[in-house]
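Peer 1: Structure provided below as structure tokens; questions to follow.
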Amino acid sequence: MTQIEENIDEFVKRIKNDEHLSEYTFVKGYSGEKIPNPITKVMIVVDTLDTQISTEFIGESAGENLVGRMYDITLRFRVYAKSFDSGDSLSLCANALYDAIKRNDVSKVCSSIKLFPISYESTMRTVYRDVSVNLCYCLYEEASV
């Protein structure tokens, strides 16, 4: 596992372990975990939507055999309501998730959080709401020889 993957996992773990989200089930979509169908309780599926890597910043070269990289990562937390639910629990969970992200950004890597409108997933017969988070990490790594 790379340093950036460890950082993402640590960020997600802090959110998952927030006491206000303890009643919800988290699934790592980016690790290939299966999403149950039908959904029997409110569930949060975490995916990496986009990763941009840049070396175009001051401090690109940190010294011999080191290179700096800036990672701009978009994570999506897709909150699914129980199958055939009206969506009230969905809004409660999405709002709690938003607050948990703000509360647990201890490294101050979160540059933005977006709440999206409620949508319907026909194959799973349930409503969902996306919460996306942009994370910015600046890491120094050993240069490949």
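By convention in this document, the chains of the structure tokens carry letters A, B, ... by their order, each chain's residues are numbered from 1, and ligands are numbered from 1 in the order they are shown.
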Would you list the contacts of Ser107 of chain A as a list in words, taking every protein, DNA or RNA residue within 12 Å and counting only C-alpha atoms, but skipping same-chain residues closer than 2 positions in sequence?
Peer 2: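 So, after excluding close chain neighbours, the residues are Asn7, Ile8, Glu10, Phe11, Arg14, Ile101, Lys102, Arg103, Asn104, Asp105, Val109, Cys110, Ser111, Leu135, Cys136, Tyr137 and Cys138 of chain A.
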Peer 1: Now that the selection is made, can you save its residues with C-alpha atoms as a short mmCIF file (atom, residue, chain, number, x, y, z; two decimals), in the first residue's frame?
Peer 2:
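Result went into again_27.cif, see below:
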data_model
loop_
_atom_site.label_atom_id
_atom_site.label_comp_id
_atom_site.auth_asym_id
_atom_site.auth_seq_id
_atom_site.Cartn_x
_atom_site.Cartn_y
_atom_site.Cartn_z
CA ASN A 7 -3.58 8.51 4.09
CA ILE A 8 -6.93 7.99 2.35
CA GLU A 10 -6.78 6.78 7.64
CA PHE A 11 -9.10 9.66 6.67
CA ARG A 14 -11.59 8.57 11.24
CA ILE A 101 -16.04 15.07 7.92
CA LYS A 102 -15.60 18.62 9.21
CA ARG A 103 -15.01 17.42 12.78
CA ASN A 104 -12.48 14.72 11.86
CA ASP A 105 -10.33 16.62 9.36
CA VAL A 109 -6.51 18.16 4.10
CA CYS A 110 -10.17 18.68 3.17
CA SER A 111 -10.49 21.55 0.69
CA LEU A 135 -8.60 16.06 -0.18
CA CYS A 136 -5.23 17.69 -0.85
CA TYR A 137 -2.03 15.96 0.22
CA CYS A 138 1.54 17.06 -0.43
#
Peer 1: Can you pull out every residue from chain A that DSSP, working from the backbone, puts in strand (DSSP E or B), and format the result as a PyMOL selection string?
Peer 2: chain A and resi 25-28+43-54+61-63+66-80+110-121+126-142
Peer 1: In Å, how far is it from atom CA of Leu21 of chain A to atom CA of Cys93 of chain A?
Peer 2: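 Atom CA of Cys93 of chain A lies at a distance of 7.6 Å from atom CA of Leu21 of chain A.
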Peer 1: I want to know what sits within 7 Å of Val45 of chain A, based on only C-alpha atoms, with residues of the same chain fewer than 5 positions away left out; could you give that as a list in words?
Peer 2: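 Using only C-alpha atoms, the neighbours found are Phe26, Val27, Lys28, Gly29, Phe77, Arg78 and Val79 of chain A.
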Peer 1: Just the selected residues (N, CA and C atoms), exported as a PDB file, in the first residue's frame, please.
Peer 2:
ATOM      1  N   PHE A  26     -20.483   1.072   6.802  1.00  0.00           N
ATOM      2  CA  PHE A  26     -19.604   1.601   5.759  1.00  0.00           C
ATOM      3  C   PHE A  26     -19.117   0.459   4.890  1.00  0.00           C
ATOM      4  N   VAL A  27     -19.051   0.699   3.584  1.00  0.00           N
ATOM      5  CA  VAL A  27     -18.522  -0.262   2.621  1.00  0.00           C
ATOM      6  C   VAL A  27     -17.493   0.467   1.775  1.00  0.00           C
ATOM      7  N   LYS A  28     -16.303  -0.125   1.631  1.00  0.00           N
ATOM      8  CA  LYS A  28     -15.266   0.460   0.773  1.00  0.00           C
ATOM      9  C   LYS A  28     -15.516   0.009  -0.655  1.00  0.00           C
ATOM     10  N   GLY A  29     -16.104   0.876  -1.442  1.00  0.00           N
ATOM     11  CA  GLY A  29     -16.348   0.548  -2.840  1.00  0.00           C
ATOM     12  C   GLY A  29     -15.053   0.409  -3.614  1.00  0.00           C
ATOM     13  N   PHE A  77     -18.800   9.676  -0.789  1.00  0.00           N
ATOM     14  CA  PHE A  77     -19.527   8.902   0.205  1.00  0.00           C
ATOM     15  C   PHE A  77     -20.965   8.837  -0.301  1.00  0.00           C
ATOM     16  N   ARG A  78     -21.381   7.692  -0.811  1.00  0.00           N
ATOM     17  CA  ARG A  78     -22.756   7.536  -1.310  1.00  0.00           C
ATOM     18  C   ARG A  78     -23.592   6.915  -0.192  1.00  0.00           C
ATOM     19  N   VAL A  79     -24.557   7.682   0.273  1.00  0.00           N
ATOM     20  CA  VAL A  79     -25.415   7.242   1.373  1.00  0.00           C
ATOM     21  C   VAL A  79     -26.679   6.641   0.772  1.00  0.00           C
TER      22      VAL A  79
END
Peer 1: May I ask for the distance between atom CA of Asp9 of chain A and atom CA of Pro117 of chain A, given in Å to one decimal place?
Peer 2: 26.1 Å
